[in-house]
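Below is coords.pdb, holding PDB, C-alpha atoms.
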MODEL        1
ATOM      1  CA  MET A   1     -23.941 -11.702  -3.820
ATOM      2  CA  LEU A   2     -21.862  -8.617  -3.120
ATOM      3  CA  ASP A   3     -22.431  -5.416  -5.110
ATOM      4  CA  ALA A   4     -19.543  -4.983  -7.580
ATOM      5  CA  ALA A   5     -19.462  -1.175  -7.319
ATOM      6  CA  LEU A   6     -19.243  -1.368  -3.531
ATOM      7  CA  ALA A   7     -16.495  -4.007  -3.710
ATOM      8  CA  ARG A   8     -14.468  -1.856  -6.141
ATOM      9  CA  ARG A   9     -14.816   1.185  -3.873
ATOM     10  CA  LEU A  10     -13.138  -0.549  -0.913
ATOM     11  CA  LYS A  11      -9.668   0.686  -0.010
ATOM     12  CA  LEU A  12      -9.423  -0.732   3.506
ATOM     13  CA  ILE A  13     -10.885  -3.576   5.539
ATOM     14  CA  GLY A  14     -10.823  -3.659   9.329
ATOM     15  CA  PHE A  15     -11.050  -6.989  11.106
ATOM     16  CA  ASP A  16     -11.769  -7.730  14.732
ATOM     17  CA  VAL A  17      -9.330 -10.368  15.978
ATOM     18  CA  ASP A  18     -10.874 -12.565  18.693
ATOM     19  CA  GLY A  19     -13.911 -14.248  17.171
ATOM     20  CA  VAL A  20     -13.051 -13.283  13.556
ATOM     21  CA  PHE A  21      -9.382 -14.129  12.978
ATOM     22  CA  THR A  22      -9.723 -16.682  15.805
ATOM     23  CA  ASP A  23     -12.590 -18.778  17.110
ATOM     24  CA  GLY A  24     -12.670 -16.516  20.170
ATOM     25  CA  GLY A  25     -10.890 -18.966  22.436
ATOM     26  CA  ILE A  26      -7.898 -17.829  24.468
ATOM     27  CA  PHE A  27      -5.507 -20.282  26.110
ATOM     28  CA  LEU A  28      -3.901 -18.901  29.263
ATOM     29  CA  GLY A  29      -1.168 -20.564  31.247
ATOM     30  CA  GLN A  30       2.452 -20.306  32.240
ATOM     31  CA  VAL A  31       5.626 -21.102  30.359
ATOM     32  CA  GLY A  32       8.802 -21.131  32.426
ATOM     33  CA  GLY A  33       6.957 -19.452  35.278
ATOM     34  CA  GLN A  34       5.832 -16.574  33.042
ATOM     35  CA  PRO A  35       2.229 -15.914  32.019
ATOM     36  CA  ALA A  36       1.538 -16.958  28.435
ATOM     37  CA  GLU A  37      -1.390 -16.557  26.072
ATOM     38  CA  PHE A  38      -1.996 -18.644  22.977
ATOM     39  CA  LYS A  39      -4.531 -18.287  20.177
ATOM     40  CA  ARG A  40      -5.303 -20.453  17.173
ATOM     41  CA  PHE A  41      -5.271 -18.695  13.788
ATOM     42  CA  ASP A  42      -6.387 -20.256  10.499
ATOM     43  CA  VAL A  43      -3.420 -20.408   8.104
ATOM     44  CA  GLN A  44      -5.634 -19.788   5.057
ATOM     45  CA  ASP A  45      -6.649 -16.424   6.510
ATOM     46  CA  GLY A  46      -3.011 -15.333   6.278
ATOM     47  CA  LEU A  47      -3.037 -15.820   2.511
ATOM     48  CA  ALA A  48      -6.274 -13.839   2.404
ATOM     49  CA  VAL A  49      -4.328 -10.787   3.614
ATOM     50  CA  ARG A  50      -1.844 -11.234   0.734
ATOM     51  CA  LEU A  51      -4.724 -11.532  -1.725
ATOM     52  CA  LEU A  52      -6.301  -8.318  -0.442
ATOM     53  CA  HIS A  53      -2.954  -6.514  -0.596
ATOM     54  CA  GLY A  54      -2.500  -7.693  -4.175
ATOM     55  CA  ALA A  55      -5.798  -6.003  -5.041
ATOM     56  CA  GLY A  56      -4.696  -2.768  -3.352
ATOM     57  CA  ILE A  57      -6.819  -3.149  -0.209
ATOM     58  CA  ALA A  58      -5.232  -2.266   3.133
ATOM     59  CA  VAL A  59      -5.852  -4.598   6.099
ATOM     60  CA  VAL A  60      -6.220  -3.340   9.659
ATOM     61  CA  LEU A  61      -6.630  -5.572  12.711
ATOM     62  CA  VAL A  62      -8.690  -3.984  15.488
ATOM     63  CA  SER A  63      -8.730  -5.624  18.910
ATOM     64  CA  GLY A  64     -10.278  -4.573  22.185
ATOM     65  CA  ARG A  65      -7.447  -6.221  24.101
ATOM     66  CA  ILE A  66      -3.680  -6.185  24.012
ATOM     67  CA  SER A  67      -2.162  -9.537  23.107
ATOM     68  CA  GLU A  68       1.353 -10.582  22.127
ATOM     69  CA  ALA A  69      -0.160 -13.479  20.138
ATOM     70  CA  THR A  70      -2.094 -10.947  18.033
ATOM     71  CA  THR A  71       1.024  -8.813  17.571
ATOM     72  CA  LEU A  72       2.997 -11.843  16.374
ATOM     73  CA  ARG A  73       0.305 -12.919  13.914
ATOM     74  CA  ALA A  74      -0.157  -9.385  12.567
ATOM     75  CA  ARG A  75       3.588  -9.104  11.947
ATOM     76  CA  GLU A  76       3.747 -12.559  10.366
ATOM     77  CA  ILE A  77       0.973 -11.928   7.826
ATOM     78  CA  GLY A  78       1.932  -8.304   7.123
ATOM     79  CA  VAL A  79      -1.171  -6.357   8.123
ATOM     80  CA  ASP A  80      -0.988  -2.644   7.400
ATOM     81  CA  ASP A  81      -2.053  -1.450  10.854
ATOM     82  CA  LEU A  82      -2.684  -3.082  14.202
ATOM     83  CA  ILE A  83      -4.949  -1.451  16.780
ATOM     84  CA  GLN A  84      -5.006  -2.978  20.259
ATOM     85  CA  ASP A  85      -6.969  -0.876  22.755
ATOM     86  CA  ASP A  86      -7.667  -2.478  26.116
ATOM     87  CA  ALA A  87     -10.197   0.283  26.828
ATOM     88  CA  THR A  88     -12.177  -1.147  23.863
ATOM     89  CA  ARG A  89     -12.417   2.210  22.086
ATOM     90  CA  LYS A  90     -12.235   0.795  18.579
ATOM     91  CA  LEU A  91     -14.014   3.605  16.747
ATOM     92  CA  PRO A  92     -11.687   6.509  17.688
ATOM     93  CA  ALA A  93      -8.593   4.405  17.029
ATOM     94  CA  PHE A  94      -9.949   3.294  13.645
ATOM     95  CA  GLU A  95     -10.829   6.903  12.759
ATOM     96  CA  GLY A  96      -7.195   7.791  13.436
ATOM     97  CA  VAL A  97      -5.972   5.146  10.983
ATOM     98  CA  LEU A  98      -8.410   6.364   8.336
ATOM     99  CA  ALA A  99      -7.361  10.001   8.802
ATOM    100  CA  ARG A 100      -3.676   9.071   8.544
ATOM    101  CA  ARG A 101      -4.318   7.045   5.365
ATOM    102  CA  GLY A 102      -6.746   9.536   3.805
ATOM    103  CA  VAL A 103      -9.534   6.948   3.571
ATOM    104  CA  GLY A 104     -13.212   7.593   4.324
ATOM    105  CA  PHE A 105     -15.697   5.275   5.997
ATOM    106  CA  GLU A 106     -17.484   4.995   2.639
ATOM    107  CA  GLU A 107     -14.361   3.218   1.314
ATOM    108  CA  CYS A 108     -14.165   0.690   4.150
ATOM    109  CA  ALA A 109     -15.475  -2.657   5.240
ATOM    110  CA  TYR A 110     -15.327  -3.927   8.791
ATOM    111  CA  VAL A 111     -15.756  -7.456  10.132
ATOM    112  CA  GLY A 112     -16.913  -8.047  13.686
ATOM    113  CA  ASP A 113     -18.541 -10.496  16.025
ATOM    114  CA  ASP A 114     -19.313  -8.751  19.320
ATOM    115  CA  LEU A 115     -21.136  -5.726  20.678
ATOM    116  CA  ILE A 116     -18.012  -3.532  20.816
ATOM    117  CA  ASP A 117     -17.824  -3.846  17.022
ATOM    118  CA  LEU A 118     -21.231  -2.210  16.471
ATOM    119  CA  PRO A 119     -19.999   1.423  16.338
ATOM    120  CA  LEU A 120     -17.644   0.522  13.478
ATOM    121  CA  LEU A 121     -20.149  -1.691  11.689
ATOM    122  CA  ARG A 122     -22.655   1.175  11.708
ATOM    123  CA  ARG A 123     -20.180   3.567  10.043
ATOM    124  CA  VAL A 124     -18.522   1.581   7.249
ATOM    125  CA  ALA A 125     -19.839   1.050   3.720
ATOM    126  CA  LEU A 126     -19.706  -2.735   4.054
ATOM    127  CA  PRO A 127     -20.459  -4.141   7.530
ATOM    128  CA  ILE A 128     -19.658  -7.856   7.747
ATOM    129  CA  ALA A 129     -20.275 -10.389  10.524
ATOM    130  CA  VAL A 130     -19.286 -13.977  11.103
ATOM    131  CA  PRO A 131     -22.031 -16.529  11.871
ATOM    132  CA  ASN A 132     -20.758 -16.907  15.448
ATOM    133  CA  ALA A 133     -21.399 -13.172  16.032
ATOM    134  CA  ARG A 134     -23.899 -11.806  18.530
ATOM    135  CA  PRO A 135     -27.417 -11.461  17.053
ATOM    136  CA  GLU A 136     -27.176  -7.651  17.179
ATOM    137  CA  VAL A 137     -23.964  -7.765  15.138
ATOM    138  CA  ARG A 138     -25.419 -10.112  12.541
ATOM    139  CA  ALA A 139     -28.450  -7.799  12.266
ATOM    140  CA  ALA A 140     -26.169  -4.801  11.595
ATOM    141  CA  ALA A 141     -24.223  -6.652   8.889
ATOM    142  CA  HIS A 142     -24.754  -6.367   5.144
ATOM    143  CA  TYR A 143     -22.985  -9.705   4.671
ATOM    144  CA  VAL A 144     -22.622 -12.685   7.048
ATOM    145  CA  THR A 145     -19.977 -15.254   6.192
ATOM    146  CA  THR A 146     -20.752 -18.948   6.047
ATOM    147  CA  ALA A 147     -17.365 -19.824   7.588
ATOM    148  CA  PRO A 148     -17.111 -19.176  11.333
ATOM    149  CA  GLY A 149     -14.490 -16.915  12.838
ATOM    150  CA  GLY A 150     -11.118 -18.623  13.076
ATOM    151  CA  GLN A 151     -12.164 -21.197  10.491
ATOM    152  CA  GLY A 152     -11.707 -19.443   7.166
ATOM    153  CA  ALA A 153     -14.052 -16.453   7.521
ATOM    154  CA  VAL A 154     -11.300 -13.992   6.583
ATOM    155  CA  ARG A 155     -10.441 -16.041   3.507
ATOM    156  CA  GLU A 156     -14.100 -16.192   2.491
ATOM    157  CA  ILE A 157     -14.372 -12.408   2.772
ATOM    158  CA  ALA A 158     -11.259 -11.845   0.647
ATOM    159  CA  GLU A 159     -12.487 -14.231  -2.047
ATOM    160  CA  THR A 160     -15.999 -12.736  -2.069
ATOM    161  CA  ILE A 161     -14.726  -9.165  -2.405
ATOM    162  CA  LEU A 162     -12.158 -10.020  -5.072
ATOM    163  CA  GLN A 163     -14.713 -12.009  -7.070
ATOM    164  CA  ALA A 164     -17.180  -9.107  -6.886
ATOM    165  CA  ARG A 165     -14.418  -6.753  -8.082
ATOM    166  CA  GLY A 166     -13.734  -9.079 -11.011
ATOM    167  CA  VAL A 167     -10.074  -9.595 -10.058
ATOM    168  CA  TRP A 168     -10.197 -13.062  -8.536
ATOM    169  CA  ASP A 169      -8.659 -14.829 -11.534
ATOM    170  CA  ALA A 170      -5.877 -12.231 -11.777
ATOM    171  CA  GLU A 171      -5.071 -12.676  -8.089
ATOM    172  CA  LEU A 172      -5.015 -16.462  -8.507
ATOM    173  CA  ASN A 173      -2.583 -16.096 -11.396
ATOM    174  CA  ARG A 174      -0.417 -13.731  -9.345
ATOM    175  CA  ILE A 175      -0.334 -16.178  -6.424
ATOM    176  CA  GLU A 176       0.113 -19.300  -8.575
ATOM    177  CA  GLY A 177       2.865 -17.878 -10.745
ATOM    178  CA  PRO A 178       3.875 -19.708 -13.912
ATOM    179  CA  ARG A 179       2.254 -23.119 -14.326
ATOM    180  CA  SER A 180       5.300 -24.635 -16.035
ATOM    181  CA  VAL A 181       8.894 -23.900 -16.940
ATOM    182  CA  SER A 182       7.835 -22.973 -20.479
ATOM    183  CA  ASP A 183       5.255 -20.492 -19.030
ATOM    184  CA  ALA A 184       8.003 -18.951 -16.909
ATOM    185  CA  VAL A 185      10.280 -18.618 -19.932
ATOM    186  CA  ARG A 186       7.481 -17.035 -22.009
ATOM    187  CA  ARG A 187       6.629 -14.576 -19.232
ATOM    188  CA  SER A 188      10.278 -13.707 -18.733
ATOM    189  CA  ALA A 189      10.803 -13.135 -22.465
ATOM    190  CA  GLY A 190       7.618 -11.087 -22.692
ATOM    191  CA  SER A 191       8.664  -8.769 -19.869
ATOM    192  CA  ARG A 192      11.849  -7.618 -21.649
TER     193      ARG A 192
ENDMDL
END

Turn the structure described in the file into structure tokens.
Amino acid sequence: MLDAALARRLKLIGFDVDGVFTDGGIFLGQVGGQPAEFKRFDVQDGLAVRLLHGAGIAVVLVSGRISEATTLRAREIGVDDLIQDDATRKLPAFEGVLARRGVGFEECAYVGDDLIDLPLLRRVALPIAVPNARPEVRAAAHYVTTAPGGQGAVREIAETILQARGVWDAELNRIEGPRSVSDAVRRSAGSR
């Protein structure tokens, strides 16, 4: 169970990409004679970003490699910031995002799976790991998801945080919209 006060304090969540938003697999090949990289993303994790946004939580993807597939997915799901640093310096880049947004580490969660995530996990208020993470990462985490990376872990995190904040039902209602035409009419009339 996640502490409600901690969940309410969160303003930003950083997510590693490979191994958290994906299962860590990378498909490399050529298309039309050009190098190509493909990754598999879980579609339900995309809605998780919308749910977090609806609750006022910014989402930042933090990757230790540059990938067009990551850029495309980040754009598609509307993340707030995308960090791709092939020198794997995640902490300084993340600090820059926090400074620009006026957010402190005590208002952040971070989700990781590998050793390069440890500096961030050790600084944030809510360190989270996926079950496929390295043992050192799981040991540093306050919360370990039951869903593996790339298979709904991001969605699980969003639901857990929003439930702890007590806003899960409101977010469901926002996503679902009116349940019938008469509900839509009542809501429309009530908003005048």

(request) Compile the contact shell of Ile66 of chain A as a ChimeraX atom specification: residues with an atom at most 12 Å away, counting all atoms listed in the file, same-chain residues fewer than 2 positions apart removed. (result) /A:17-18,37,61-64,68-72,82-88

(message) Once the PyMOL selection byres ((chain A and resi 154) around 9) is applied to the coordinates I shared, what remains selected? I want it as a count of residues only.
(response) 22

Please build the interface table for segment 5-65 of chain A against segment 167-179 of chain A with a cut-off of 10 Å, listing for each qualifying residue the nearest atom pair and the distance in Å to one decimal; count all atoms listed in the file, order rows by chain and increasing number, and write it as a Markdown table.
| residue | atom | partner | partner_atom | distance |
| --- | --- | --- | --- | --- |
| A:Arg8 | CA | A:Val167 | CA | 9.7 |
| A:Leu47 | CA | A:Ile175 | CA | 9.3 |
| A:Arg50 | CA | A:Ile175 | CA | 8.8 |
| A:Leu51 | CA | A:Glu171 | CA | 6.5 |
| A:Leu52 | CA | A:Glu171 | CA | 8.9 |
| A:His53 | CA | A:Glu171 | CA | 9.9 |
| A:Gly54 | CA | A:Glu171 | CA | 6.8 |
| A:Ala55 | CA | A:Glu171 | CA | 7.4 |

(request) Compare A:Phe41, A:Ala5, A:Ala140, A:Ile13 by their minimum atom-to-atom distance to Phe94 of chain A, counting all atoms listed in the file, and give me the closest one. (result)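 Selected residue with least distance to Phe94 of chain A: A:Ile13.
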
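Each of A:Leu28, A:Ile161, A:Leu118, A:Val144 was compared to Val130 of chain A using only C-alpha atoms, and A:Val144 turns out to be the nearest.
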
(request) Mind giving me the straight-line distance from atom CA of Arg40 of chain A to atom CA of Thr22 of chain A in Å, one decimal? (result)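 Value for the atom CA of Arg40 of chain A-atom CA of Thr22 of chain A distance: 6.0 Å.
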
(message) Which residues are close to Asp3 of chain A, i.e. within 12 Å by all atoms listed in the file, leaving aside same-chain residues fewer than 2 positions away? Reply as a count of residues only.
(response) 18

(request) Find, counting all atoms listed in the file, the residue in A:Val79, A:Ala74, A:Lys11, A:Val31 that gets nearest to Gly104 of chain A. (result) A:Lys11

(request) Quote the spacing between atom CA of Pro35 of chain A and atom CA of Asp80 of chain A in Å to one decimal place. (result) 28.2 Å

(request) Could you tell me which of A:Arg101, A:Arg138, A:Lys90, A:Lys39 comes closest to Val59 of chain A if we count all atoms listed in the file? (result)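 Smallest separation from Val59 of chain A among the options: A:Arg101.
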
If I put a ball of radius 10 Å at (-19.8, 7.1, 11.2) in the file's coordinates, which residues poke into it when counting only C-alpha atoms, written as an mmCIF file with C-alpha atoms, in the frame of the given file?
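Once everything was written out, this is point-v3.cif:
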data_model
loop_
_atom_site.group_PDB
_atom_site.id
_atom_site.type_symbol
_atom_site.label_atom_id
_atom_site.label_comp_id
_atom_site.auth_asym_id
_atom_site.auth_seq_id
_atom_site.Cartn_x
_atom_site.Cartn_y
_atom_site.Cartn_z
ATOM 1 C CA LEU A 91 -14.014 3.605 16.747
ATOM 2 C CA GLU A 95 -10.829 6.903 12.759
ATOM 3 C CA GLY A 104 -13.212 7.593 4.324
ATOM 4 C CA PHE A 105 -15.697 5.275 5.997
ATOM 5 C CA GLU A 106 -17.484 4.995 2.639
ATOM 6 C CA PRO A 119 -19.999 1.423 16.338
ATOM 7 C CA LEU A 120 -17.644 0.522 13.478
ATOM 8 C CA LEU A 121 -20.149 -1.691 11.689
ATOM 9 C CA ARG A 122 -22.655 1.175 11.708
ATOM 10 C CA ARG A 123 -20.180 3.567 10.043
ATOM 11 C CA VAL A 124 -18.522 1.581 7.249
ATOM 12 C CA ALA A 125 -19.839 1.050 3.720
#

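When only C-alpha atoms are used to measure the gap to Val97 of chain A, the shortest distance among A:Ala4, A:Val43, A:Leu12, A:Leu115 belongs to A:Leu12.
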
(request) Would you mind telling me which residue in A:Arg65, A:Pro148, A:Ala36, A:Gly112 lies nearest to Arg134 of chain A when using all atoms listed in the file? (result)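 The closest residue to Arg134 of chain A is A:Gly112.
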
(message) Could you tell me how far atom CA of Asp81 of chain A sits from atom CA of Ile57 of chain A, in Å to one decimal place?
(response)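 Calculated distance between atom CA of Ile57 of chain A and atom CA of Asp81 of chain A is 12.2 Å.
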
Could you please fill out segment 17-49 of chain A with N, CA and C atoms and send it back as a PDB file, in the coordinates of the input?
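Here's the written file out34.pdb:
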ATOM      1  N   VAL A  17     -10.241  -9.219  15.890  1.00  0.00           N
ATOM      2  CA  VAL A  17      -9.330 -10.368  15.978  1.00  0.00           C
ATOM      3  C   VAL A  17     -10.019 -11.557  16.646  1.00  0.00           C
ATOM      4  N   ASP A  18     -10.301 -11.445  17.942  1.00  0.00           N
ATOM      5  CA  ASP A  18     -10.874 -12.565  18.693  1.00  0.00           C
ATOM      6  C   ASP A  18     -12.327 -12.783  18.277  1.00  0.00           C
ATOM      7  N   GLY A  19     -12.583 -13.931  17.664  1.00  0.00           N
ATOM      8  CA  GLY A  19     -13.911 -14.248  17.171  1.00  0.00           C
ATOM      9  C   GLY A  19     -14.040 -14.092  15.670  1.00  0.00           C
ATOM     10  N   VAL A  20     -13.052 -13.430  15.023  1.00  0.00           N
ATOM     11  CA  VAL A  20     -13.051 -13.283  13.556  1.00  0.00           C
ATOM     12  C   VAL A  20     -11.803 -13.951  12.982  1.00  0.00           C
ATOM     13  N   PHE A  21     -10.628 -13.468  13.379  1.00  0.00           N
ATOM     14  CA  PHE A  21      -9.382 -14.129  12.978  1.00  0.00           C
ATOM     15  C   PHE A  21      -9.158 -15.397  13.804  1.00  0.00           C
ATOM     16  N   THR A  22      -9.787 -15.480  14.967  1.00  0.00           N
ATOM     17  CA  THR A  22      -9.723 -16.682  15.805  1.00  0.00           C
ATOM     18  C   THR A  22     -11.144 -17.147  16.086  1.00  0.00           C
ATOM     19  N   ASP A  23     -11.259 -18.295  16.735  1.00  0.00           N
ATOM     20  CA  ASP A  23     -12.590 -18.778  17.110  1.00  0.00           C
ATOM     21  C   ASP A  23     -13.076 -18.134  18.406  1.00  0.00           C
ATOM     22  N   GLY A  24     -12.295 -17.206  18.937  1.00  0.00           N
ATOM     23  CA  GLY A  24     -12.670 -16.516  20.170  1.00  0.00           C
ATOM     24  C   GLY A  24     -12.080 -17.142  21.416  1.00  0.00           C
ATOM     25  N   GLY A  25     -11.501 -18.314  21.283  1.00  0.00           N
ATOM     26  CA  GLY A  25     -10.890 -18.966  22.436  1.00  0.00           C
ATOM     27  C   GLY A  25      -9.518 -18.386  22.744  1.00  0.00           C
ATOM     28  N   ILE A  26      -9.206 -18.308  24.020  1.00  0.00           N
ATOM     29  CA  ILE A  26      -7.898 -17.829  24.468  1.00  0.00           C
ATOM     30  C   ILE A  26      -7.366 -18.852  25.461  1.00  0.00           C
ATOM     31  N   PHE A  27      -6.147 -19.330  25.212  1.00  0.00           N
ATOM     32  CA  PHE A  27      -5.507 -20.282  26.110  1.00  0.00           C
ATOM     33  C   PHE A  27      -4.543 -19.521  27.003  1.00  0.00           C
ATOM     34  N   LEU A  28      -4.759 -19.581  28.304  1.00  0.00           N
ATOM     35  CA  LEU A  28      -3.901 -18.901  29.263  1.00  0.00           C
ATOM     36  C   LEU A  28      -3.187 -19.933  30.115  1.00  0.00           C
ATOM     37  N   GLY A  29      -1.952 -19.661  30.415  1.00  0.00           N
ATOM     38  CA  GLY A  29      -1.168 -20.564  31.247  1.00  0.00           C
ATOM     39  C   GLY A  29       0.160 -19.934  31.585  1.00  0.00           C
ATOM     40  N   GLN A  30       1.106 -20.778  31.936  1.00  0.00           N
ATOM     41  CA  GLN A  30       2.452 -20.306  32.240  1.00  0.00           C
ATOM     42  C   GLN A  30       3.472 -21.141  31.472  1.00  0.00           C
ATOM     43  N   VAL A  31       4.497 -20.455  31.019  1.00  0.00           N
ATOM     44  CA  VAL A  31       5.626 -21.102  30.359  1.00  0.00           C
ATOM     45  C   VAL A  31       6.875 -20.606  31.064  1.00  0.00           C
ATOM     46  N   GLY A  32       7.601 -21.525  31.685  1.00  0.00           N
ATOM     47  CA  GLY A  32       8.802 -21.131  32.426  1.00  0.00           C
ATOM     48  C   GLY A  32       8.498 -20.169  33.564  1.00  0.00           C
ATOM     49  N   GLY A  33       7.339 -20.319  34.174  1.00  0.00           N
ATOM     50  CA  GLY A  33       6.957 -19.452  35.278  1.00  0.00           C
ATOM     51  C   GLY A  33       6.416 -18.096  34.855  1.00  0.00           C
ATOM     52  N   GLN A  34       6.338 -17.851  33.559  1.00  0.00           N
ATOM     53  CA  GLN A  34       5.832 -16.574  33.042  1.00  0.00           C
ATOM     54  C   GLN A  34       4.436 -16.767  32.444  1.00  0.00           C
ATOM     55  N   PRO A  35       3.556 -15.796  32.626  1.00  0.00           N
ATOM     56  CA  PRO A  35       2.229 -15.914  32.019  1.00  0.00           C
ATOM     57  C   PRO A  35       2.351 -15.991  30.493  1.00  0.00           C
ATOM     58  N   ALA A  36       1.517 -16.800  29.886  1.00  0.00           N
ATOM     59  CA  ALA A  36       1.538 -16.958  28.435  1.00  0.00           C
ATOM     60  C   ALA A  36       0.107 -17.063  27.922  1.00  0.00           C
ATOM     61  N   GLU A  37      -0.092 -16.503  26.733  1.00  0.00           N
ATOM     62  CA  GLU A  37      -1.390 -16.557  26.072  1.00  0.00           C
ATOM     63  C   GLU A  37      -1.185 -17.139  24.681  1.00  0.00           C
ATOM     64  N   PHE A  38      -2.062 -18.039  24.306  1.00  0.00           N
ATOM     65  CA  PHE A  38      -1.996 -18.644  22.977  1.00  0.00           C
ATOM     66  C   PHE A  38      -3.356 -18.524  22.300  1.00  0.00           C
ATOM     67  N   LYS A  39      -3.319 -18.336  20.988  1.00  0.00           N
ATOM     68  CA  LYS A  39      -4.531 -18.287  20.177  1.00  0.00           C
ATOM     69  C   LYS A  39      -4.298 -19.147  18.955  1.00  0.00           C
ATOM     70  N   ARG A  40      -5.374 -19.669  18.401  1.00  0.00           N
ATOM     71  CA  ARG A  40      -5.303 -20.453  17.173  1.00  0.00           C
ATOM     72  C   ARG A  40      -5.791 -19.589  16.013  1.00  0.00           C
ATOM     73  N   PHE A  41      -4.932 -19.438  14.989  1.00  0.00           N
ATOM     74  CA  PHE A  41      -5.271 -18.695  13.788  1.00  0.00           C
ATOM     75  C   PHE A  41      -5.346 -19.668  12.622  1.00  0.00           C
ATOM     76  N   ASP A  42      -6.257 -19.421  11.690  1.00  0.00           N
ATOM     77  CA  ASP A  42      -6.387 -20.256  10.499  1.00  0.00           C
ATOM     78  C   ASP A  42      -5.342 -19.815   9.476  1.00  0.00           C
ATOM     79  N   VAL A  43      -4.506 -20.735   9.016  1.00  0.00           N
ATOM     80  CA  VAL A  43      -3.420 -20.408   8.104  1.00  0.00           C
ATOM     81  C   VAL A  43      -3.942 -19.836   6.780  1.00  0.00           C
ATOM     82  N   GLN A  44      -5.097 -20.292   6.319  1.00  0.00           N
ATOM     83  CA  GLN A  44      -5.634 -19.788   5.057  1.00  0.00           C
ATOM     84  C   GLN A  44      -6.029 -18.318   5.149  1.00  0.00           C
ATOM     85  N   ASP A  45      -6.333 -17.845   6.338  1.00  0.00           N
ATOM     86  CA  ASP A  45      -6.649 -16.424   6.510  1.00  0.00           C
ATOM     87  C   ASP A  45      -5.416 -15.551   6.282  1.00  0.00           C
ATOM     88  N   GLY A  46      -4.240 -16.087   6.541  1.00  0.00           N
ATOM     89  CA  GLY A  46      -3.011 -15.333   6.278  1.00  0.00           C
ATOM     90  C   GLY A  46      -2.839 -15.051   4.801  1.00  0.00           C
ATOM     91  N   LEU A  47      -3.112 -16.032   3.958  1.00  0.00           N
ATOM     92  CA  LEU A  47      -3.037 -15.820   2.511  1.00  0.00           C
ATOM     93  C   LEU A  47      -4.101 -14.830   2.054  1.00  0.00           C
ATOM     94  N   ALA A  48      -5.217 -14.795   2.742  1.00  0.00           N
ATOM     95  CA  ALA A  48      -6.274 -13.839   2.404  1.00  0.00           C
ATOM     96  C   ALA A  48      -5.751 -12.411   2.488  1.00  0.00           C
ATOM     97  N   VAL A  49      -4.908 -12.130   3.476  1.00  0.00           N
ATOM     98  CA  VAL A  49      -4.328 -10.787   3.614  1.00  0.00           C
ATOM     99  C   VAL A  49      -3.469 -10.479   2.390  1.00  0.00           C
TER     100      VAL A  49
END
